[in-house]
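Q: Provided below: data29.pdb, containing PDB, C-alpha atoms, pLDDT in the B column.
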ATOM      1  CA  MET A  16     256.893 160.226 131.653  1.00 94.00           C
ATOM      2  CA  ASP A  17     253.636 158.384 131.921  1.00 96.00           C
ATOM      3  CA  ILE A  18     252.353 158.730 128.366  1.00 97.00           C
ATOM      4  CA  GLY A  19     249.262 156.598 129.020  1.00 97.00           C
ATOM      5  CA  ILE A  20     250.442 153.694 126.860  1.00 97.00           C
ATOM      6  CA  PRO A  21     253.556 151.504 127.101  1.00 98.00           C
ATOM      7  CA  LEU A  22     255.114 152.576 123.801  1.00 98.00           C
ATOM      8  CA  LYS A  23     254.414 155.277 121.246  1.00 98.00           C
ATOM      9  CA  GLU A  24     255.802 154.991 117.729  1.00 98.00           C
ATOM     10  CA  LEU A  25     256.884 158.427 116.507  1.00 98.00           C
ATOM     11  CA  GLY A  26     257.410 157.409 112.895  1.00 98.00           C
ATOM     12  CA  GLU A  27     260.183 156.784 110.420  1.00 98.00           C
ATOM     13  CA  TYR A  28     263.254 159.010 110.211  1.00 98.00           C
ATOM     14  CA  ASP A  29     266.491 159.028 108.276  1.00 98.00           C
ATOM     15  CA  ILE A  30     268.835 157.828 110.991  1.00 98.00           C
ATOM     16  CA  ASN A  31     271.669 156.845 108.645  1.00 98.00           C
ATOM     17  CA  PRO A  32     274.075 159.727 109.436  1.00 98.00           C
ATOM     18  CA  LEU A  33     273.703 159.134 113.185  1.00 98.00           C
ATOM     19  CA  ARG A  34     273.825 155.361 112.746  1.00 98.00           C
ATOM     20  CA  GLU A  35     277.082 155.546 110.773  1.00 98.00           C
ATOM     21  CA  ALA A  36     278.639 157.927 113.292  1.00 98.00           C
ATOM     22  CA  ILE A  37     277.787 155.609 116.191  1.00 98.00           C
ATOM     23  CA  LEU A  38     278.796 152.364 114.495  1.00 98.00           C
ATOM     24  CA  ASN A  39     282.143 153.863 113.446  1.00 98.00           C
ATOM     25  CA  GLN A  40     283.191 154.813 116.983  1.00 98.00           C
ATOM     26  CA  PRO A  41     286.228 153.017 118.389  1.00 97.00           C
ATOM     27  CA  GLU A  42     285.878 150.811 121.448  1.00 95.00           C
ATOM     28  CA  GLU A  43     287.638 153.459 123.564  1.00 94.00           C
ATOM     29  CA  ALA A  44     284.707 155.825 122.993  1.00 95.00           C
ATOM     30  CA  TRP A  45     282.322 153.252 124.475  1.00 94.00           C
ATOM     31  CA  LEU A  46     284.524 152.663 127.520  1.00 89.00           C
ATOM     32  CA  SER A  47     285.524 156.249 128.347  1.00 83.00           C
ATOM     33  CA  ASN A  48     282.426 157.119 130.412  1.00 72.00           C
ATOM     34  CA  ALA A  49     281.230 154.468 132.866  1.00 65.00           C
ATOM     35  CA  ARG A  50     279.073 156.871 134.892  1.00 65.00           C
ATOM     36  CA  ARG A  51     275.763 155.170 134.035  1.00 59.00           C
ATOM     37  CA  GLN A  52     277.168 151.707 134.755  1.00 58.00           C
ATOM     38  CA  ASP A  53     278.692 152.847 138.046  1.00 56.00           C
ATOM     39  CA  GLU A  54     275.679 154.818 139.299  1.00 60.00           C
ATOM     40  CA  TYR A  55     272.818 152.635 138.053  1.00 54.00           C
ATOM     41  CA  GLU A  56     273.051 148.897 138.710  1.00 56.00           C
ATOM     42  CA  VAL A  57     270.454 148.151 136.024  1.00 57.00           C
ATOM     43  CA  HIS A  58     272.987 149.318 133.401  1.00 59.00           C
ATOM     44  CA  GLN A  59     275.821 146.997 134.409  1.00 72.00           C
ATOM     45  CA  TYR A  60     275.780 145.202 131.020  1.00 75.00           C
ATOM     46  CA  THR A  61     275.764 148.395 128.978  1.00 89.00           C
ATOM     47  CA  HIS A  62     278.332 150.821 127.628  1.00 93.00           C
ATOM     48  CA  SER A  63     277.528 154.372 126.588  1.00 94.00           C
ATOM     49  CA  ILE A  64     278.753 157.255 124.515  1.00 96.00           C
ATOM     50  CA  VAL A  65     277.243 160.130 126.470  1.00 95.00           C
ATOM     51  CA  MET A  66     276.639 163.496 124.764  1.00 97.00           C
ATOM     52  CA  VAL A  67     274.783 165.388 127.504  1.00 97.00           C
ATOM     53  CA  PHE A  68     273.875 164.235 130.973  1.00 94.00           C
ATOM     54  CA  THR A  69     272.415 165.267 134.288  1.00 92.00           C
ATOM     55  CA  ASP A  70     272.291 163.278 137.477  1.00 84.00           C
ATOM     56  CA  GLY A  71     269.222 165.362 138.319  1.00 85.00           C
ATOM     57  CA  GLU A  72     270.618 166.596 141.614  1.00 87.00           C
ATOM     58  CA  GLY A  73     268.713 169.664 142.809  1.00 88.00           C
ATOM     59  CA  TRP A  74     265.673 168.933 140.668  1.00 90.00           C
ATOM     60  CA  PRO A  75     264.077 170.946 139.136  1.00 86.00           C
ATOM     61  CA  SER A  76     267.098 173.297 139.071  1.00 88.00           C
ATOM     62  CA  ILE A  77     269.517 170.858 137.466  1.00 91.00           C
ATOM     63  CA  GLU A  78     272.831 171.146 135.697  1.00 93.00           C
ATOM     64  CA  VAL A  79     273.144 169.545 132.258  1.00 95.00           C
ATOM     65  CA  THR A  80     276.720 168.991 131.136  1.00 95.00           C
ATOM     66  CA  ARG A  81     278.264 168.227 127.773  1.00 97.00           C
ATOM     67  CA  GLU A  82     280.190 164.988 127.955  1.00 95.00           C
ATOM     68  CA  SER A  83     282.898 163.429 125.768  1.00 95.00           C
ATOM     69  CA  GLY A  84     280.350 162.034 123.314  1.00 97.00           C
ATOM     70  CA  TRP A  85     279.321 165.550 122.275  1.00 98.00           C
ATOM     71  CA  GLU A  86     282.323 165.947 119.985  1.00 97.00           C
ATOM     72  CA  LEU A  87     281.752 162.469 118.532  1.00 98.00           C
ATOM     73  CA  LEU A  88     278.011 162.548 117.792  1.00 98.00           C
ATOM     74  CA  ALA A  89     276.525 166.053 118.032  1.00 98.00           C
ATOM     75  CA  GLU A  90     276.882 166.899 114.339  1.00 98.00           C
ATOM     76  CA  GLN A  91     274.606 163.986 113.397  1.00 98.00           C
ATOM     77  CA  ALA A  92     272.485 163.673 116.559  1.00 98.00           C
ATOM     78  CA  VAL A  93     271.417 167.272 117.199  1.00 98.00           C
ATOM     79  CA  PRO A  94     269.589 167.833 113.871  1.00 98.00           C
ATOM     80  CA  LEU A  95     267.788 164.498 114.195  1.00 98.00           C
ATOM     81  CA  MET A  96     266.757 165.151 117.807  1.00 98.00           C
ATOM     82  CA  HIS A  97     265.466 168.605 116.850  1.00 98.00           C
ATOM     83  CA  GLN A  98     263.534 167.205 113.891  1.00 98.00           C
ATOM     84  CA  ILE A  99     261.831 164.631 116.143  1.00 98.00           C
ATOM     85  CA  LEU A 100     261.088 167.238 118.801  1.00 98.00           C
ATOM     86  CA  ASN A 101     259.686 169.713 116.248  1.00 98.00           C
ATOM     87  CA  ASP A 102     257.413 166.987 114.857  1.00 98.00           C
ATOM     88  CA  HIS A 103     255.995 165.757 118.181  1.00 98.00           C
ATOM     89  CA  TYR A 104     256.620 168.002 121.202  1.00 97.00           C
ATOM     90  CA  PRO A 105     256.163 171.624 122.284  1.00 96.00           C
ATOM     91  CA  SER A 106     259.164 173.859 121.578  1.00 95.00           C
ATOM     92  CA  GLY A 107     261.126 175.636 124.269  1.00 95.00           C
ATOM     93  CA  GLY A 108     262.061 172.653 126.400  1.00 95.00           C
ATOM     94  CA  THR A 109     265.479 171.149 126.957  1.00 96.00           C
ATOM     95  CA  ILE A 110     267.294 167.906 126.292  1.00 97.00           C
ATOM     96  CA  ILE A 111     268.754 166.769 129.618  1.00 96.00           C
ATOM     97  CA  ARG A 112     270.279 163.434 128.576  1.00 96.00           C
ATOM     98  CA  ALA A 113     271.457 162.117 125.201  1.00 98.00           C
ATOM     99  CA  MET A 114     273.588 159.048 124.557  1.00 97.00           C
ATOM    100  CA  ALA A 115     274.229 155.977 122.500  1.00 97.00           C
ATOM    101  CA  ALA A 116     273.669 152.954 124.734  1.00 96.00           C
ATOM    102  CA  ARG A 117     275.038 149.527 123.867  1.00 96.00           C
ATOM    103  CA  LEU A 118     273.700 146.370 125.504  1.00 96.00           C
ATOM    104  CA  GLU A 119     276.212 143.577 125.134  1.00 94.00           C
ATOM    105  CA  PRO A 120     275.344 140.095 123.781  1.00 96.00           C
ATOM    106  CA  GLY A 121     273.905 138.050 126.630  1.00 95.00           C
ATOM    107  CA  GLY A 122     273.340 141.216 128.644  1.00 93.00           C
ATOM    108  CA  TYR A 123     270.161 142.433 130.234  1.00 93.00           C
ATOM    109  CA  ILE A 124     268.637 145.396 132.001  1.00 92.00           C
ATOM    110  CA  ILE A 125     266.554 144.159 134.920  1.00 92.00           C
ATOM    111  CA  PRO A 126     262.889 145.169 135.236  1.00 94.00           C
ATOM    112  CA  HIS A 127     262.633 148.651 136.725  1.00 93.00           C
ATOM    113  CA  THR A 128     260.836 151.973 136.561  1.00 93.00           C
ATOM    114  CA  ASP A 129     262.816 155.180 136.233  1.00 90.00           C
ATOM    115  CA  LYS A 130     262.517 156.802 139.657  1.00 88.00           C
ATOM    116  CA  HIS A 131     264.107 160.253 139.531  1.00 88.00           C
ATOM    117  CA  PRO A 132     261.601 163.149 139.208  1.00 91.00           C
ATOM    118  CA  SER A 133     263.157 164.174 135.876  1.00 92.00           C
ATOM    119  CA  PHE A 134     261.901 160.880 134.430  1.00 92.00           C
ATOM    120  CA  HIS A 135     258.363 161.696 135.599  1.00 92.00           C
ATOM    121  CA  HIS A 136     258.436 164.969 133.628  1.00 94.00           C
ATOM    122  CA  GLY A 137     260.531 164.072 130.595  1.00 95.00           C
ATOM    123  CA  HIS A 138     259.891 162.205 127.381  1.00 97.00           C
ATOM    124  CA  ARG A 139     262.312 159.256 126.900  1.00 98.00           C
ATOM    125  CA  ILE A 140     262.924 158.750 123.197  1.00 98.00           C
ATOM    126  CA  HIS A 141     264.676 155.720 121.668  1.00 98.00           C
ATOM    127  CA  ILE A 142     266.237 155.541 118.217  1.00 98.00           C
ATOM    128  CA  PRO A 143     267.278 151.959 117.385  1.00 98.00           C
ATOM    129  CA  ILE A 144     270.724 151.878 115.790  1.00 98.00           C
ATOM    130  CA  ARG A 145     271.485 148.145 115.796  1.00 98.00           C
ATOM    131  CA  THR A 146     269.339 145.260 116.954  1.00 97.00           C
ATOM    132  CA  ASN A 147     268.762 141.587 116.314  1.00 96.00           C
ATOM    133  CA  PRO A 148     265.760 139.227 116.480  1.00 96.00           C
ATOM    134  CA  LYS A 149     266.828 138.002 119.916  1.00 97.00           C
ATOM    135  CA  VAL A 150     266.512 141.401 121.604  1.00 97.00           C
ATOM    136  CA  ARG A 151     263.372 141.863 123.689  1.00 95.00           C
ATOM    137  CA  PHE A 152     262.370 145.213 125.131  1.00 97.00           C
ATOM    138  CA  MET A 153     259.680 144.480 127.712  1.00 97.00           C
ATOM    139  CA  ILE A 154     257.259 147.136 128.940  1.00 97.00           C
ATOM    140  CA  SER A 155     254.536 146.161 131.429  1.00 95.00           C
ATOM    141  CA  GLY A 156     255.201 142.483 130.751  1.00 94.00           C
ATOM    142  CA  ARG A 157     254.762 142.766 126.985  1.00 97.00           C
ATOM    143  CA  PRO A 158     257.645 142.267 124.511  1.00 96.00           C
ATOM    144  CA  TYR A 159     258.438 144.849 121.847  1.00 96.00           C
ATOM    145  CA  GLN A 160     260.781 144.558 118.884  1.00 94.00           C
ATOM    146  CA  PHE A 161     262.152 147.948 117.848  1.00 97.00           C
ATOM    147  CA  GLU A 162     262.792 148.523 114.141  1.00 97.00           C
ATOM    148  CA  ILE A 163     265.771 150.403 112.747  1.00 98.00           C
ATOM    149  CA  GLY A 164     264.583 153.568 111.009  1.00 98.00           C
ATOM    150  CA  LYS A 165     261.698 154.115 113.410  1.00 98.00           C
ATOM    151  CA  VAL A 166     261.676 156.246 116.545  1.00 98.00           C
ATOM    152  CA  TYR A 167     259.830 155.440 119.774  1.00 98.00           C
ATOM    153  CA  GLU A 168     258.873 157.045 123.058  1.00 98.00           C
ATOM    154  CA  ILE A 169     258.732 154.637 125.957  1.00 98.00           C
ATOM    155  CA  ASN A 170     256.650 155.003 129.081  1.00 98.00           C
ATOM    156  CA  ASN A 171     259.478 154.866 131.601  1.00 96.00           C
ATOM    157  CA  GLN A 172     256.983 154.935 134.476  1.00 96.00           C
ATOM    158  CA  GLU A 173     255.886 151.421 133.524  1.00 97.00           C
ATOM    159  CA  LYS A 174     258.132 148.526 134.493  1.00 97.00           C
ATOM    160  CA  HIS A 175     260.541 147.913 131.627  1.00 97.00           C
ATOM    161  CA  SER A 176     263.551 145.725 130.877  1.00 96.00           C
ATOM    162  CA  VAL A 177     265.716 144.584 127.986  1.00 97.00           C
ATOM    163  CA  MET A 178     267.297 141.222 127.160  1.00 96.00           C
ATOM    164  CA  ASN A 179     269.833 140.638 124.421  1.00 97.00           C
ATOM    165  CA  LYS A 180     270.096 136.912 123.745  1.00 97.00           C
ATOM    166  CA  GLY A 181     271.696 137.560 120.356  1.00 97.00           C
ATOM    167  CA  ASN A 182     275.330 137.326 119.283  1.00 96.00           C
ATOM    168  CA  GLU A 183     275.778 141.038 118.590  1.00 96.00           C
ATOM    169  CA  SER A 184     275.233 144.097 120.713  1.00 96.00           C
ATOM    170  CA  ARG A 185     272.023 146.087 120.667  1.00 97.00           C
ATOM    171  CA  ILE A 186     272.529 149.844 120.316  1.00 98.00           C
ATOM    172  CA  ASN A 187     269.902 152.539 120.848  1.00 98.00           C
ATOM    173  CA  PHE A 188     270.373 156.288 120.824  1.00 98.00           C
ATOM    174  CA  ILE A 189     268.358 157.596 123.778  1.00 98.00           C
ATOM    175  CA  PHE A 190     267.459 161.129 124.747  1.00 98.00           C
ATOM    176  CA  ASP A 191     265.299 162.737 127.419  1.00 97.00           C
ATOM    177  CA  TYR A 192     263.352 165.905 126.638  1.00 98.00           C
ATOM    178  CA  ILE A 193     261.770 168.063 129.332  1.00 96.00           C
ATOM    179  CA  PRO A 194     258.916 170.177 127.891  1.00 95.00           C
ATOM    180  CA  PRO A 195     258.875 173.918 128.662  1.00 92.00           C
ATOM    181  CA  SER A 196     256.012 173.615 131.155  1.00 85.00           C
ATOM    182  CA  LYS A 197     258.187 171.354 133.353  1.00 79.00           C
ATOM    183  CA  ILE A 198     261.373 173.468 133.369  1.00 71.00           C
ATOM    184  CA  ASP A 199     262.378 175.545 136.389  1.00 61.00           C
ATOM    185  CA  ARG A 200     263.080 179.001 134.927  1.00 52.00           C
ATOM    186  CA  ASN A 201     264.332 180.503 138.238  1.00 50.00           C
TER
END
Mind turning the file's structure into structure tokens?
A:
Amino acid sequence: MDIGIPLKELGEYDINPLREAILNQPEEAWLSNARRQDEYEVHQYTHSIVMVFTDGEGWPSIEVTRESGWELLAEQAVPLMHQILNDHYPSGGTIIRAMAARLEPGGYIIPHTDKHPSFHHGHRIHIPIRTNPKVRFMISGRPYQFEIGKVYEINNQEKHSVMNKGNESRINFIFDYIPPSKIDRN
């Protein structure tokens, strides 16, 4: 969603339960769902643990499915997502995507804007789980360093990219929230 600025800091949250759950997942959990990597070239250097997902087909009447990551992360992720939503967004909407996304050392996400209509209507929220000083999240040509313990909304309608020149992976928990005014109730 075009939020009028490149990045909005939503504040500090206790992410420790979610962080521990994500960091304790076995490698198989990261490799079991390659949908994002297969369908979106910009994510070729990432791995994901996907909780809920939609490809957006049939927008605005879309199907959101629970994926394998639901059983692994929902207990810790759902209360945190709801707390963030209650603090910052109108109630009654729906989460259409939620996942832990890992960008490998030396990996990058090329500059892009999120094109699907669901990205024009939804808030894209990032919760940093693991980062390093050599990760750069660029939005509109400006670098941002995300801090663990803080939550951010990015303007995904601005050109954005990520580089990880560090020696360890960067992990963010990402979710997309569609406010009630943008949901097709038919």
Q: Run the PyMOL selection byres ((chain A and resi 166) around 7) mentally over the shown coordinates, then write out the matched residues as an MDAnalysis selection string, using the chain letters and numbers from the document.
A: chainID A and resid 24:27 141:142 164:165 167
Q: Tell me which protein, DNA and RNA residues are within 10 Å of segment 130-134 of chain A, counting all atoms listed in the file, leaving out same-chain ones fewer than 4 positions away, and put them as a PyMOL selection string.
A: chain A and resi 16-17+69-72+74-75+77+111+138-139+170-172+191-193+197-198
Q: Compile the contact shell of Gly122 of chain A as JSON, numbers by chain: residues with an atom at most 8 Å away, counting only C-alpha atoms, same-chain residues fewer than 4 positions apart removed.
A: {"A": [60, 61, 118, 178, 179, 180]}
Q: Counting all atoms listed in the file, what is within 7 Å of segment 87-91 of chain A, bar same-chain residues fewer than 3 positions away, as a PyMOL selection string?
A: chain A and resi 32-33+36+84+94-95
Q: Starting from the displayed file, determine the output of the PyMOL selection byres ((chain A and resi 64-66) around 10) and express the residue list as a ChimeraX atom specification.
A: /A:37,40,43-51,62-63,67-68,80-89,92-93,111-117,188-190
Q: Enumerate, as a count of residues only, the residues matched when the PyMOL selection byres ((chain A and resi 146-163) around 7) is run on the file above.
A: 17
Q: Which of these, A:Thr109, A:Asn31, A:Gln59, A:Asn187, has the shortest distance to His136 of chain A once you count all atoms listed in the file?
A: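 The answer is A:Thr109, which sits nearest to His136 of chain A.
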Q: Looking at A:Asn39, A:Ser106, A:Gln98, A:Thr128, which one is nearest to Ser196 of chain A, with distances taken over all atoms listed in the file?
A: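 Of A:Asn39, A:Ser106, A:Gln98, A:Thr128, the one nearest Ser196 of chain A, counting all atoms listed in the file, is A:Ser106.
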Q: From the list A:Leu38, A:Ile140, A:Ile125, A:Leu22, which residue is nearest His103 of chain A when using only C-alpha atoms?
A: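 Looking at the shortest contact to His103 of chain A, the residue is A:Ile140.
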Q: Expressed in Å to a single decimal, how great is the separation between atom CA of Pro195 of chain A and atom CA of Pro105 of chain A?
A: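 That distance, rounded to one decimal, is 7.3 Å.
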Q: Could you check how far atom CA of Ser76 of chain A sits from atom CA of Ile169 of chain A, in Å to one decimal?
A: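 It comes out at 24.3 Å.
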Q: State, in Å with one decimal place, the distance from atom CA of Tyr123 of chain A to atom CA of Leu100 of chain A.
A: 28.8 Å
Q: When distances are computed from all atoms listed in the file, which of A:Glu183, A:His135, A:His127, A:Pro194 shows the smallest separation from Ile18 of chain A?
A: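 Checking each candidate against Ile18 of chain A, we get A:His135 as the closest.
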Q: For segment 83-109 of chain A, supply N, CA and C atoms and format the output as a PDB file, in the coordinates of the input.
A:
ATOM      1  N   SER A  83     281.932 163.727 126.833  1.00 95.00           N
ATOM      2  CA  SER A  83     282.898 163.429 125.768  1.00 95.00           C
ATOM      3  C   SER A  83     282.230 163.016 124.458  1.00 95.00           C
ATOM      4  N   GLY A  84     281.052 162.448 124.517  1.00 97.00           N
ATOM      5  CA  GLY A  84     280.350 162.034 123.314  1.00 97.00           C
ATOM      6  C   GLY A  84     279.840 163.177 122.466  1.00 97.00           C
ATOM      7  N   TRP A  85     279.809 164.397 123.028  1.00 98.00           N
ATOM      8  CA  TRP A  85     279.321 165.550 122.275  1.00 98.00           C
ATOM      9  C   TRP A  85     280.133 165.742 121.002  1.00 98.00           C
ATOM     10  N   GLU A  86     281.443 165.736 121.143  1.00 97.00           N
ATOM     11  CA  GLU A  86     282.323 165.947 119.985  1.00 97.00           C
ATOM     12  C   GLU A  86     282.195 164.824 118.967  1.00 97.00           C
ATOM     13  N   LEU A  87     281.824 163.633 119.409  1.00 98.00           N
ATOM     14  CA  LEU A  87     281.752 162.469 118.532  1.00 98.00           C
ATOM     15  C   LEU A  87     280.438 162.366 117.761  1.00 98.00           C
ATOM     16  N   LEU A  88     279.329 162.835 118.363  1.00 98.00           N
ATOM     17  CA  LEU A  88     278.011 162.548 117.792  1.00 98.00           C
ATOM     18  C   LEU A  88     277.114 163.759 117.553  1.00 98.00           C
ATOM     19  N   ALA A  89     277.450 164.913 118.090  1.00 98.00           N
ATOM     20  CA  ALA A  89     276.525 166.053 118.032  1.00 98.00           C
ATOM     21  C   ALA A  89     276.176 166.464 116.608  1.00 98.00           C
ATOM     22  N   GLU A  90     277.137 166.446 115.706  1.00 98.00           N
ATOM     23  CA  GLU A  90     276.882 166.899 114.339  1.00 98.00           C
ATOM     24  C   GLU A  90     275.745 166.112 113.688  1.00 98.00           C
ATOM     25  N   GLN A  91     275.660 164.824 113.970  1.00 98.00           N
ATOM     26  CA  GLN A  91     274.606 163.986 113.397  1.00 98.00           C
ATOM     27  C   GLN A  91     273.382 163.895 114.311  1.00 98.00           C
ATOM     28  N   ALA A  92     273.593 163.898 115.622  1.00 98.00           N
ATOM     29  CA  ALA A  92     272.485 163.673 116.559  1.00 98.00           C
ATOM     30  C   ALA A  92     271.603 164.900 116.753  1.00 98.00           C
ATOM     31  N   VAL A  93     272.196 166.075 116.870  1.00 98.00           N
ATOM     32  CA  VAL A  93     271.417 167.272 117.199  1.00 98.00           C
ATOM     33  C   VAL A  93     270.347 167.568 116.146  1.00 98.00           C
ATOM     34  N   PRO A  94     270.663 167.564 114.850  1.00 98.00           N
ATOM     35  CA  PRO A  94     269.589 167.833 113.871  1.00 98.00           C
ATOM     36  C   PRO A  94     268.468 166.790 113.916  1.00 98.00           C
ATOM     37  N   LEU A  95     268.814 165.535 114.125  1.00 98.00           N
ATOM     38  CA  LEU A  95     267.788 164.498 114.195  1.00 98.00           C
ATOM     39  C   LEU A  95     266.921 164.667 115.440  1.00 98.00           C
ATOM     40  N   MET A  96     267.543 164.929 116.583  1.00 98.00           N
ATOM     41  CA  MET A  96     266.757 165.151 117.807  1.00 98.00           C
ATOM     42  C   MET A  96     265.813 166.335 117.617  1.00 98.00           C
ATOM     43  N   HIS A  97     266.319 167.424 117.049  1.00 98.00           N
ATOM     44  CA  HIS A  97     265.466 168.605 116.850  1.00 98.00           C
ATOM     45  C   HIS A  97     264.334 168.330 115.861  1.00 98.00           C
ATOM     46  N   GLN A  98     264.601 167.558 114.832  1.00 98.00           N
ATOM     47  CA  GLN A  98     263.534 167.205 113.891  1.00 98.00           C
ATOM     48  C   GLN A  98     262.433 166.417 114.598  1.00 98.00           C
ATOM     49  N   ILE A  99     262.812 165.433 115.398  1.00 98.00           N
ATOM     50  CA  ILE A  99     261.831 164.631 116.143  1.00 98.00           C
ATOM     51  C   ILE A  99     261.053 165.509 117.109  1.00 98.00           C
ATOM     52  N   LEU A 100     261.757 166.354 117.834  1.00 98.00           N
ATOM     53  CA  LEU A 100     261.088 167.238 118.801  1.00 98.00           C
ATOM     54  C   LEU A 100     260.129 168.195 118.095  1.00 98.00           C
ATOM     55  N   ASN A 101     260.560 168.790 116.987  1.00 98.00           N
ATOM     56  CA  ASN A 101     259.686 169.713 116.248  1.00 98.00           C
ATOM     57  C   ASN A 101     258.431 169.018 115.730  1.00 98.00           C
ATOM     58  N   ASP A 102     258.558 167.733 115.378  1.00 98.00           N
ATOM     59  CA  ASP A 102     257.413 166.987 114.857  1.00 98.00           C
ATOM     60  C   ASP A 102     256.413 166.563 115.926  1.00 98.00           C
ATOM     61  N   HIS A 103     256.854 166.416 117.189  1.00 98.00           N
ATOM     62  CA  HIS A 103     255.995 165.757 118.181  1.00 98.00           C
ATOM     63  C   HIS A 103     255.816 166.468 119.519  1.00 98.00           C
ATOM     64  N   TYR A 104     256.636 167.459 119.847  1.00 97.00           N
ATOM     65  CA  TYR A 104     256.620 168.002 121.202  1.00 97.00           C
ATOM     66  C   TYR A 104     256.615 169.529 121.171  1.00 97.00           C
ATOM     67  N   PRO A 105     256.160 170.159 122.247  1.00 96.00           N
ATOM     68  CA  PRO A 105     256.163 171.624 122.284  1.00 96.00           C
ATOM     69  C   PRO A 105     257.591 172.166 122.305  1.00 96.00           C
ATOM     70  N   SER A 106     257.827 173.272 121.611  1.00 95.00           N
ATOM     71  CA  SER A 106     259.164 173.859 121.578  1.00 95.00           C
ATOM     72  C   SER A 106     259.446 174.606 122.874  1.00 95.00           C
ATOM     73  N   GLY A 107     260.732 174.855 123.104  1.00 95.00           N
ATOM     74  CA  GLY A 107     261.126 175.636 124.269  1.00 95.00           C
ATOM     75  C   GLY A 107     261.586 174.817 125.449  1.00 95.00           C
ATOM     76  N   GLY A 108     261.586 173.505 125.323  1.00 95.00           N
ATOM     77  CA  GLY A 108     262.061 172.653 126.400  1.00 95.00           C
ATOM     78  C   GLY A 108     263.561 172.450 126.301  1.00 95.00           C
ATOM     79  N   THR A 109     264.045 171.419 126.979  1.00 96.00           N
ATOM     80  CA  THR A 109     265.479 171.149 126.957  1.00 96.00           C
ATOM     81  C   THR A 109     265.761 169.661 126.974  1.00 96.00           C
TER      82      THR A 109
END
